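Asker: protein.txt is reproduced below (compact mmCIF, C-alpha atoms and all ligand atoms).
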```txt
# COMPACT_ATOMS: atom_id res chain seq x y z
CA MET A 267 6.73 -34.86 9.40
CA VAL A 268 3.12 -33.81 9.57
CA GLU A 269 3.42 -33.52 13.35
CA ALA A 270 6.55 -31.35 13.00
CA ALA A 271 4.80 -29.03 10.59
CA CYS A 272 2.15 -28.49 13.22
CA PHE A 273 4.76 -27.06 15.58
CA THR A 274 6.21 -24.38 13.31
CA PRO A 275 5.46 -20.85 14.47
CA ARG A 276 2.68 -19.35 12.47
CA PRO A 277 0.73 -16.12 12.56
CA VAL A 278 -2.73 -16.15 14.02
CA HIS A 279 -5.46 -13.55 14.27
CA ASP A 280 -3.76 -10.18 13.80
CA GLY A 281 -0.21 -11.40 13.24
CA ARG A 282 0.77 -12.45 16.76
CA LEU A 283 2.84 -15.59 16.88
CA ILE A 284 2.21 -18.65 18.90
CA SER A 285 5.35 -20.79 18.84
CA GLY A 286 5.49 -24.50 19.27
CA ILE A 287 1.85 -24.98 20.20
CA PRO A 288 -0.47 -26.76 17.80
CA LEU A 289 -3.16 -24.26 16.90
CA LYS A 290 -5.91 -26.86 16.86
CA ARG A 291 -5.56 -27.27 20.62
CA LEU A 292 -5.54 -23.53 21.24
CA PRO A 293 -8.69 -21.81 20.05
CA LEU A 294 -8.56 -18.08 20.77
CA PRO A 295 -10.94 -17.05 23.50
CA ARG A 296 -14.06 -15.46 22.05
CA SER A 297 -13.11 -12.05 23.45
CA LEU A 298 -9.80 -12.10 21.49
CA ARG A 299 -11.19 -13.14 18.11
CA MET A 300 -11.35 -10.57 15.36
CA LYS A 301 -14.80 -9.01 15.22
CA ILE A 302 -16.27 -7.86 11.93
CA HIS A 303 -19.29 -5.63 11.57
CA ILE A 304 -21.86 -6.72 9.00
CA ASP A 305 -25.17 -4.86 8.80
CA GLY A 306 -25.35 -3.95 12.46
CA GLN A 307 -23.96 -7.19 13.88
CA LEU A 308 -20.48 -7.84 15.24
CA LEU A 309 -19.48 -11.31 14.09
CA ASP A 310 -16.43 -13.51 14.60
CA LYS A 311 -14.18 -13.47 11.53
CA GLU A 312 -15.14 -17.08 10.70
CA ASP A 313 -18.84 -16.17 10.67
CA ALA A 314 -18.49 -12.90 8.74
CA LYS A 315 -19.87 -13.93 5.36
CA ILE A 316 -21.95 -12.37 2.63
CA SER A 317 -23.99 -13.87 -0.19
CA VAL A 318 -22.43 -14.97 -3.49
CA PHE A 319 -25.36 -13.07 -5.08
CA ASP A 320 -24.12 -9.77 -3.67
CA HIS A 321 -23.40 -7.44 -6.58
CA GLY A 322 -20.29 -6.27 -4.80
CA LEU A 323 -18.86 -9.67 -5.66
CA LEU A 324 -20.63 -10.23 -8.97
CA TYR A 325 -19.86 -6.82 -10.49
CA GLY A 326 -17.55 -4.92 -8.15
CA ASP A 327 -20.64 -2.82 -7.55
CA GLY A 328 -20.05 -0.96 -4.31
CA VAL A 329 -17.75 1.52 -2.64
CA PHE A 330 -15.12 1.47 0.09
CA GLU A 331 -12.74 3.45 2.26
CA GLY A 332 -9.45 2.60 3.92
CA ILE A 333 -8.82 4.51 7.15
CA ARG A 334 -5.95 4.49 9.69
CA ILE A 335 -6.09 4.35 13.45
CA TYR A 336 -3.14 5.97 15.21
CA HIS A 337 -2.66 6.02 18.97
CA GLY A 338 -6.33 5.26 19.62
CA ARG A 339 -7.60 7.93 17.21
CA ILE A 340 -9.16 7.48 13.80
CA PHE A 341 -7.33 9.79 11.42
CA ARG A 342 -9.57 12.14 9.44
CA LEU A 343 -12.65 9.95 9.92
CA THR A 344 -15.03 12.74 8.89
CA ALA A 345 -13.21 13.27 5.58
CA HIS A 346 -13.24 9.52 4.86
CA LEU A 347 -16.95 9.25 5.61
CA LYS A 348 -17.67 12.25 3.39
CA ARG A 349 -15.78 10.61 0.52
CA LEU A 350 -17.56 7.29 1.13
CA TYR A 351 -21.01 8.86 0.98
CA GLU A 352 -20.03 10.89 -2.10
CA SER A 353 -18.80 7.75 -3.86
CA ALA A 354 -22.12 6.06 -3.01
CA ARG A 355 -24.15 9.02 -4.22
CA SER A 356 -22.24 9.03 -7.48
CA ILE A 357 -23.17 5.41 -8.18
CA CYS A 358 -26.82 5.83 -7.10
CA MET A 359 -26.39 3.78 -3.98
CA GLU A 360 -28.14 4.78 -0.80
CA ILE A 361 -26.13 3.68 2.21
CA PRO A 362 -28.78 2.30 4.59
CA ILE A 363 -27.40 4.06 7.69
CA SER A 364 -26.66 7.72 8.36
CA VAL A 365 -23.16 9.20 8.50
CA GLU A 366 -23.51 9.47 12.30
CA GLU A 367 -24.51 5.81 12.57
CA MET A 368 -21.60 4.84 10.31
CA GLU A 369 -19.21 6.84 12.49
CA LYS A 370 -20.50 5.11 15.63
CA ALA A 371 -20.38 1.65 14.03
CA THR A 372 -16.78 2.32 12.93
CA LEU A 373 -15.70 3.48 16.40
CA ASP A 374 -17.48 0.51 18.01
CA THR A 375 -15.82 -1.98 15.66
CA VAL A 376 -12.37 -0.56 16.43
CA ALA A 377 -13.13 -0.68 20.16
CA ALA A 378 -14.45 -4.26 19.92
CA ASN A 379 -11.13 -5.29 18.36
CA ASN A 380 -9.18 -3.26 20.92
CA LEU A 381 -7.04 -1.71 18.20
CA GLN A 382 -4.92 1.31 19.15
CA ASP A 383 -3.12 1.35 15.81
CA GLY A 384 -4.42 -0.27 12.67
CA TYR A 385 -6.41 0.02 9.50
CA ILE A 386 -10.16 0.06 8.95
CA ARG A 387 -11.83 -1.07 5.76
CA LEU A 388 -15.36 0.22 5.24
CA VAL A 389 -17.10 -1.66 2.44
CA ILE A 390 -20.58 -0.95 1.17
CA THR A 391 -21.76 -3.52 -1.33
CA ARG A 392 -24.76 -3.07 -3.61
CA GLY A 393 -26.35 -6.02 -1.82
CA VAL A 394 -28.04 -9.21 -2.87
CA GLY A 395 -29.70 -9.33 -6.28
CA SER A 396 -30.18 -11.55 -9.29
CA LEU A 397 -27.44 -12.49 -11.77
CA GLY A 398 -28.36 -9.51 -13.96
CA LEU A 399 -26.53 -6.19 -13.79
CA ASN A 400 -29.54 -4.11 -12.73
CA PRO A 401 -28.62 -2.56 -9.36
CA PHE A 402 -32.20 -1.48 -8.71
CA GLN A 403 -33.10 -5.11 -8.10
CA CYS A 404 -30.84 -5.18 -5.07
CA PRO A 405 -33.10 -3.99 -2.25
CA ARG A 406 -30.48 -3.20 0.40
CA PRO A 407 -26.75 -2.43 0.35
CA SER A 408 -24.65 -4.21 2.96
CA VAL A 409 -22.32 -2.42 5.35
CA ILE A 410 -19.09 -4.21 6.26
CA ILE A 411 -16.50 -2.85 8.67
CA ILE A 412 -13.18 -4.62 9.14
CA ALA A 413 -10.75 -3.31 11.75
CA SER A 414 -7.34 -4.91 11.32
CA THR A 415 -3.81 -3.96 10.32
CA ILE A 416 -2.08 -3.30 7.00
CA SER A 417 1.49 -3.15 5.82
CA LEU A 418 1.84 -2.08 2.21
CA TYR A 419 5.59 -1.93 1.65
CA PRO A 420 8.56 -3.56 3.42
CA ALA A 421 9.70 -1.49 6.43
CA GLU A 422 13.15 -0.80 4.94
CA ARG A 423 11.56 1.02 1.99
CA TYR A 424 10.45 3.75 4.38
CA GLU A 425 14.15 4.36 5.09
CA LYS A 426 15.68 3.71 1.67
CA GLY A 427 12.82 4.69 -0.62
CA LEU A 428 10.79 2.85 -3.23
CA ASN A 429 11.84 1.99 -6.75
CA LEU A 430 9.05 2.81 -9.18
CA ILE A 431 8.21 1.93 -12.74
CA THR A 432 5.77 3.61 -15.06
CA CYS A 433 2.88 1.24 -15.64
CA ALA A 434 1.60 0.68 -19.16
CA THR A 435 -1.93 0.50 -17.73
CA ARG A 436 -3.39 4.01 -17.75
CA ARG A 437 -5.83 5.55 -15.29
CA PRO A 438 -9.22 5.58 -16.98
CA THR A 439 -10.63 8.80 -18.33
CA PRO A 440 -13.19 10.42 -15.99
CA ALA A 441 -15.57 10.19 -18.94
CA ALA A 442 -15.58 6.42 -18.38
CA LEU A 443 -15.53 6.37 -14.58
CA SER A 444 -14.54 9.13 -12.21
CA PRO A 445 -11.35 8.32 -10.31
CA GLN A 446 -13.08 9.97 -7.32
CA VAL A 447 -15.40 6.97 -6.95
CA LYS A 448 -13.61 4.54 -4.65
CA SER A 449 -15.45 1.62 -6.11
CA LEU A 450 -15.09 -2.07 -5.33
CA ASN A 451 -13.73 -2.51 -8.84
CA TYR A 452 -10.01 -1.82 -8.49
CA LEU A 453 -8.94 -3.92 -11.47
CA ASN A 454 -7.36 -0.95 -13.22
CA ASN A 455 -5.11 -0.42 -10.21
CA VAL A 456 -4.57 -4.16 -9.72
CA MET A 457 -3.38 -4.49 -13.35
CA ALA A 458 -0.91 -1.67 -12.81
CA LYS A 459 0.25 -3.17 -9.51
CA ILE A 460 0.91 -6.49 -11.27
CA GLU A 461 3.14 -4.69 -13.75
CA ALA A 462 5.09 -2.96 -10.99
CA ILE A 463 5.61 -6.16 -9.02
CA GLN A 464 6.57 -8.17 -12.10
CA ALA A 465 9.16 -5.51 -12.87
CA GLY A 466 10.62 -5.99 -9.37
CA CYS A 467 9.16 -2.77 -7.94
CA GLU A 468 6.70 -2.33 -5.10
CA GLU A 469 4.82 0.53 -6.71
CA GLY A 470 4.18 2.10 -10.09
CA ILE A 471 3.35 5.48 -11.56
CA MET A 472 0.07 5.61 -13.48
CA LEU A 473 -0.37 8.11 -16.30
CA ASN A 474 -3.64 9.44 -17.62
CA GLU A 475 -4.80 9.07 -21.22
CA GLN A 476 -2.75 12.09 -22.30
CA GLY A 477 0.42 10.74 -20.71
CA TYR A 478 0.47 13.06 -17.71
CA VAL A 479 1.25 11.66 -14.27
CA ALA A 480 -1.99 10.89 -12.42
CA GLU A 481 -0.94 8.98 -9.29
CA CYS A 482 0.33 5.56 -8.19
CA THR A 483 -1.71 2.37 -7.93
CA GLY A 484 -2.86 3.25 -4.42
CA ASP A 485 -1.12 6.50 -3.54
CA ASN A 486 -0.75 10.12 -4.65
CA VAL A 487 2.61 11.45 -5.77
CA PHE A 488 4.64 14.55 -4.91
CA VAL A 489 8.00 15.82 -6.15
CA ALA A 490 10.36 18.49 -4.83
CA LYS A 491 12.57 20.58 -7.09
CA ASN A 492 14.68 23.61 -6.21
CA GLY A 493 13.04 23.84 -2.79
CA LYS A 494 9.47 23.80 -4.11
CA VAL A 495 6.97 20.96 -4.01
CA TYR A 496 4.64 19.90 -6.80
CA THR A 497 1.82 17.40 -7.12
CA PRO A 498 -0.50 16.63 -10.05
CA PRO A 499 -3.91 18.31 -9.86
CA ILE A 500 -6.81 15.98 -9.19
CA SER A 501 -7.96 16.73 -12.73
CA ALA A 502 -4.92 14.72 -13.92
CA GLY A 503 -6.86 11.60 -12.94
CA GLY A 504 -5.81 10.70 -9.41
CA LEU A 505 -7.93 10.20 -6.32
CA ASP A 506 -8.39 13.27 -4.13
CA GLY A 507 -6.36 11.65 -1.39
CA ILE A 508 -6.96 12.47 2.25
CA THR A 509 -3.27 11.98 3.06
CA ARG A 510 -2.44 14.18 0.05
CA GLN A 511 -4.59 16.94 1.59
CA ALA A 512 -2.96 16.48 5.00
CA VAL A 513 0.50 16.71 3.39
CA ILE A 514 -0.43 19.88 1.48
CA GLU A 515 -1.40 21.41 4.84
CA ILE A 516 1.84 20.18 6.43
CA LEU A 517 3.92 21.66 3.61
CA GLY A 518 2.23 25.04 4.18
CA GLN A 519 3.01 24.85 7.90
CA LEU A 520 6.63 23.93 7.14
CA GLY A 521 6.89 26.96 4.88
CA PHE A 522 7.17 25.15 1.54
CA SER A 523 5.20 26.21 -1.47
CA CYS A 524 3.17 23.34 -2.93
CA GLU A 525 1.83 23.80 -6.42
CA GLU A 526 -0.52 21.58 -8.38
CA LYS A 527 1.05 21.07 -11.80
CA MET A 528 0.55 18.72 -14.74
CA MET A 529 3.67 16.57 -14.85
CA THR A 530 5.22 14.13 -17.26
CA ARG A 531 7.66 11.34 -16.47
CA HIS A 532 10.43 13.82 -17.34
CA ASP A 533 9.40 15.96 -14.35
CA LEU A 534 9.80 12.95 -12.09
CA PHE A 535 13.12 11.86 -13.65
CA THR A 536 14.56 15.33 -13.09
CA ALA A 537 13.08 16.04 -9.65
CA ASP A 538 15.31 16.41 -6.58
CA GLU A 539 12.96 14.31 -4.43
CA CYS A 540 9.82 12.26 -4.78
CA PHE A 541 7.43 10.83 -2.21
CA LEU A 542 4.07 9.09 -2.19
CA THR A 543 1.12 9.57 0.13
CA GLY A 544 -1.81 7.33 1.00
CA THR A 545 -3.71 6.02 3.98
CA ALA A 546 -2.12 2.59 3.79
CA ALA A 547 1.25 3.85 2.45
CA GLU A 548 1.40 6.89 4.79
CA VAL A 549 4.28 9.07 3.49
CA ILE A 550 7.05 7.12 1.76
CA PRO A 551 10.04 8.29 -0.31
CA ALA A 552 10.55 7.11 -3.90
CA VAL A 553 14.13 7.16 -5.17
CA GLN A 554 14.03 5.61 -8.64
CA LEU A 555 11.68 5.71 -11.59
CA ASP A 556 12.23 3.46 -14.58
CA ARG A 557 15.82 2.88 -13.41
CA ARG A 558 16.65 6.58 -13.33
CA LEU A 559 17.75 7.84 -9.92
CA ILE A 560 15.57 10.61 -8.58
CA GLY A 561 17.94 13.27 -7.22
CA ASP A 562 20.87 11.43 -5.65
CA GLY A 563 18.83 8.25 -5.27
CA LYS A 564 18.31 8.77 -1.54
CA PRO A 565 15.31 10.11 0.37
CA GLY A 566 15.66 13.89 0.48
CA PRO A 567 15.46 16.50 3.26
CA ILE A 568 12.01 17.86 2.37
CA THR A 569 10.61 14.33 2.35
CA ALA A 570 12.17 13.70 5.76
CA GLN A 571 10.54 16.82 7.19
CA VAL A 572 7.14 15.85 5.78
CA VAL A 573 7.43 12.30 7.16
CA ALA A 574 8.34 13.65 10.62
CA ALA A 575 5.52 16.21 10.61
CA PHE A 576 3.00 13.61 9.43
CA ARG A 577 4.00 11.27 12.27
CA GLU A 578 3.44 14.13 14.73
CA LEU A 579 0.10 15.09 13.18
CA VAL A 580 -1.43 11.62 13.48
CA LYS A 581 -0.73 11.60 17.22
CA HIS A 582 -3.46 14.15 17.90
CA ASP A 583 -5.50 14.65 14.70
CA GLY A 584 -8.27 12.08 14.85
CA THR A 585 -11.55 10.98 16.38
CA PRO A 586 -10.79 9.28 19.71
CA VAL A 587 -11.98 5.70 20.20
CA THR A 588 -13.57 4.84 23.53
CA TYR A 589 -12.31 1.40 24.52
CA VAL A 590 -14.51 -0.70 26.77
N1 LIG A 601 -4.99 6.85 -5.10
C1 LIG A 601 -5.64 5.68 -5.06
C2 LIG A 601 -5.99 5.01 -6.34
C3 LIG A 601 -5.97 5.10 -3.84
O1 LIG A 601 -6.62 3.93 -3.79
C4 LIG A 601 -5.59 5.75 -2.65
C5 LIG A 601 -5.89 5.10 -1.33
N2 LIG A 601 -7.17 5.43 -0.87
C6 LIG A 601 -4.93 6.97 -2.73
C7 LIG A 601 -4.63 7.50 -3.98
C8 LIG A 601 -4.55 7.74 -1.50
O2 LIG A 601 -5.71 8.28 -0.91
P1 LIG A 601 -5.84 8.45 0.65
O3 LIG A 601 -4.71 9.31 1.09
O4 LIG A 601 -7.16 9.11 0.85
O5 LIG A 601 -5.78 7.10 1.25
```
Output the structure of this file as structure tokens.
Ligand code: PMP
Answerer:
Amino acid sequence: MVEAACFTPRPVHDGRLISGIPLKRLPLPRSLRMKIHIDGQLLDKEDAKISVFDHGLLYGDGVFEGIRIYHGRIFRLTAHLKRLYESARSICMEIPISVEEMEKATLDTVAANNLQDGYIRLVITRGVGSLGLNPFQCPRPSVIIIASTISLYPAERYEKGLNLITCATRRPTPAALSPQVKSLNYLNNVMAKIEAIQAGCEEGIMLNEQGYVAECTGDNVFVAKNGKVYTPPISAGGLDGITRQAVIEILGQLGFSCEEKMMTRHDLFTADECFLTGTAAEVIPAVQLDRRLIGDGKPGPITAQVVAAFRELVKHDGTPVTYV
């Protein structure tokens, strides 16, 4: 039985399948192994490790970005790097390399993994320190760059739309922590995601303290009503999403008005269409909220136009990777 289990197809490396061949006897050639950047070095995945005394692990003290690669181009890399450095500045963390060096390291990591399409995770941890909270005792932040793939929702949801619930967990007030800091502490979002999944949904709406719609656990939200499109202002408590910005531009080009408006659940229940945007999520329709159908419960025509235009945009809008 143990032998048989060895022969079941299983995913290796970046999801490719090797069928019927025991993995132990088939180590990937060095050139095909996933390479991870840590502090200037490209390491094999197995060797890419950081200290248990890193405050990124001990306190969630650090910042990150998630970035997509489409057709050999890194989508809106400059905007992601700007947000990364702003997050770091906000938490008094000096990233030890310049923006230009970070851009080069990111491009090199993607090239080293030979990824034409995928997802990059930039992580800057506070670095190694003592067990106390004091970040100023951590002499040097660590830079980690992972170039891999991501799939947030099942493929059929992009056709049929997501079912959402409203999460009881609220987005925190900016007085506690600005939602603009993409920090390594995502517990607020994780708690909300747990609620959505336990309710049988893939995603959930998060409200702010006042009960206005802020965003989803990892995406921004848009609705369409009577031919116009609305999204909550950033001041409602959501992240200033880079995909959100791209979609606002797309809507303008398609001739739709897009207005930032404080919204309640009622506005979502009574919308004609709803869709979510995010780097990992891309643009995805949402067709139910708290068991109420949004519109006719099917992805709508404005959403379809935005999805199509976004797919076109990512073909050419991006920093090209030079593959070796
Ligand atoms: N909100 C949250 C909480 C997120 O984590 C993300 C993903 N970064 C987004 C919105 C979407 O932002 P972006 O389009 O920049 O990925």
Asker: Env of segment 430-443 of chain A: 6 Å cut, atoms = only C-alpha atoms, seq-sep filter 6 positions within chain, self excluded. Answer as a ChimeraX atom specification.
Answerer: /A:458,467,469-474,554-556
Asker: Just give me the gap between atom CA of Tyr589 of chain A and atom CA of Glu352 of chain A in Å, one decimal is fine.
Answerer: 29.3 Å
Asker: Write out as a ChimeraX atom specification the residues lying within 8 Å of Phe330 of chain A, counting all atoms listed in the file and excluding same-chain residues fewer than 4 positions away.
Answerer: /A:350,387-390,448-450
Asker: What are the closest atom pairs, with distances in Å to one decimal, for each residue of chain A lying within 7 Å of ligand LIG 601 (chain A), using all atoms listed in the file, rows by chain and rising residue number, as a tab-separated table?
Answerer:
```
residue	atom	partner	partner_atom	distance
A:Glu331	CA	A:LIG601	N2	6.7
A:Gly332	CA	A:LIG601	N2	6.0
A:Asn455	CA	A:LIG601	C2	6.7
A:Glu481	CA	A:LIG601	N1	6.2
A:Cys482	CA	A:LIG601	N1	6.3
A:Thr483	CA	A:LIG601	C2	5.3
A:Gly484	CA	A:LIG601	C3	3.7
A:Asp485	CA	A:LIG601	C7	3.7
A:Asn486	CA	A:LIG601	C7	4.7
A:Gly504	CA	A:LIG601	N1	5.8
A:Leu505	CA	A:LIG601	N1	4.6
A:Asp506	CA	A:LIG601	O2	6.5
A:Gly507	CA	A:LIG601	O2	3.5
A:Ile508	CA	A:LIG601	O4	3.6
A:Thr509	CA	A:LIG601	O3	3.6
A:Arg510	CA	A:LIG601	O3	5.5
A:Thr543	CA	A:LIG601	O3	5.9
A:Gly544	CA	A:LIG601	O3	3.5
A:Thr545	CA	A:LIG601	O5	3.6
A:Ala546	CA	A:LIG601	O5	6.3
```
Asker: In Å, how far is it from atom CA of Pro499 of chain A to atom CA of Ala480 of chain A?
Answerer: 8.1 Å
Asker: Would you compute the distance between atom CA of Ala547 of chain A and atom CA of Leu418 of chain A? Give it in Å to one decimal.
Answerer: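 Going from atom CA of Ala547 of chain A over to atom CA of Leu418 of chain A covers 6.0 Å.
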Asker: Please identify all polymer residues within 10 Å of Ala378 of chain A, counting only C-alpha atoms, omitting same-chain residues fewer than 6 positions from it, and present them as a ChimeraX atom specification.
Answerer: /A:297-303,308,372,413,588-590
Asker: Within 10 Å of Ala371 of chain A, counting only C-alpha atoms, which residues qualify if same-chain residues fewer than 5 places away don't, as a ChimeraX atom specification?
Answerer: /A:303-308,363,365-366,376-377,409-411
Asker: Contacts of Thr497 of chain A at 10 Å or less, counting all atoms listed in the file, minus same-chain residues fewer than 2 places along, as number ranges by chain?
Answerer: A: 479-481, 486-490, 495, 499-500, 502, 510, 514, 524-529, 540-542
Asker: Kindly indicate which residue among A:Pro295, A:Arg334, A:Gly427, A:Ile340 lies nearest to His582 of chain A, using all atoms listed in the file for the distances.
Answerer: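 Selected residue with least distance to His582 of chain A: A:Ile340.
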Asker: Between A:His346, A:Lys311, A:Lys564, A:His321, which one has atoms that come closest to Gln511 of chain A, using only C-alpha atoms?
Answerer: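 Nearest to Gln511 of chain A: A:His346.
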Asker: For Val329 of chain A, which residue out of A:Asp562, A:Glu425, A:Glu360, A:Glu515 is the nearest one, using only C-alpha atoms?
Answerer: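 For Val329 of chain A, the nearest of the given residues is A:Glu360.
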Asker: From the options A:Ile516, A:Leu294, A:Val447, A:Ala421, which residue's atoms come nearest to Arg349 of chain A, counting all atoms listed in the file?
Answerer: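 When distances to Arg349 of chain A are compared using all atoms listed in the file, the smallest one comes from A:Val447.
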Asker: Which of these, A:Arg406, A:Lys494, A:Lys426, A:His532, has the shortest distance to Gly477 of chain A once you count only C-alpha atoms?
Answerer: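 Among the listed residues, A:His532 lies closest to Gly477 of chain A.
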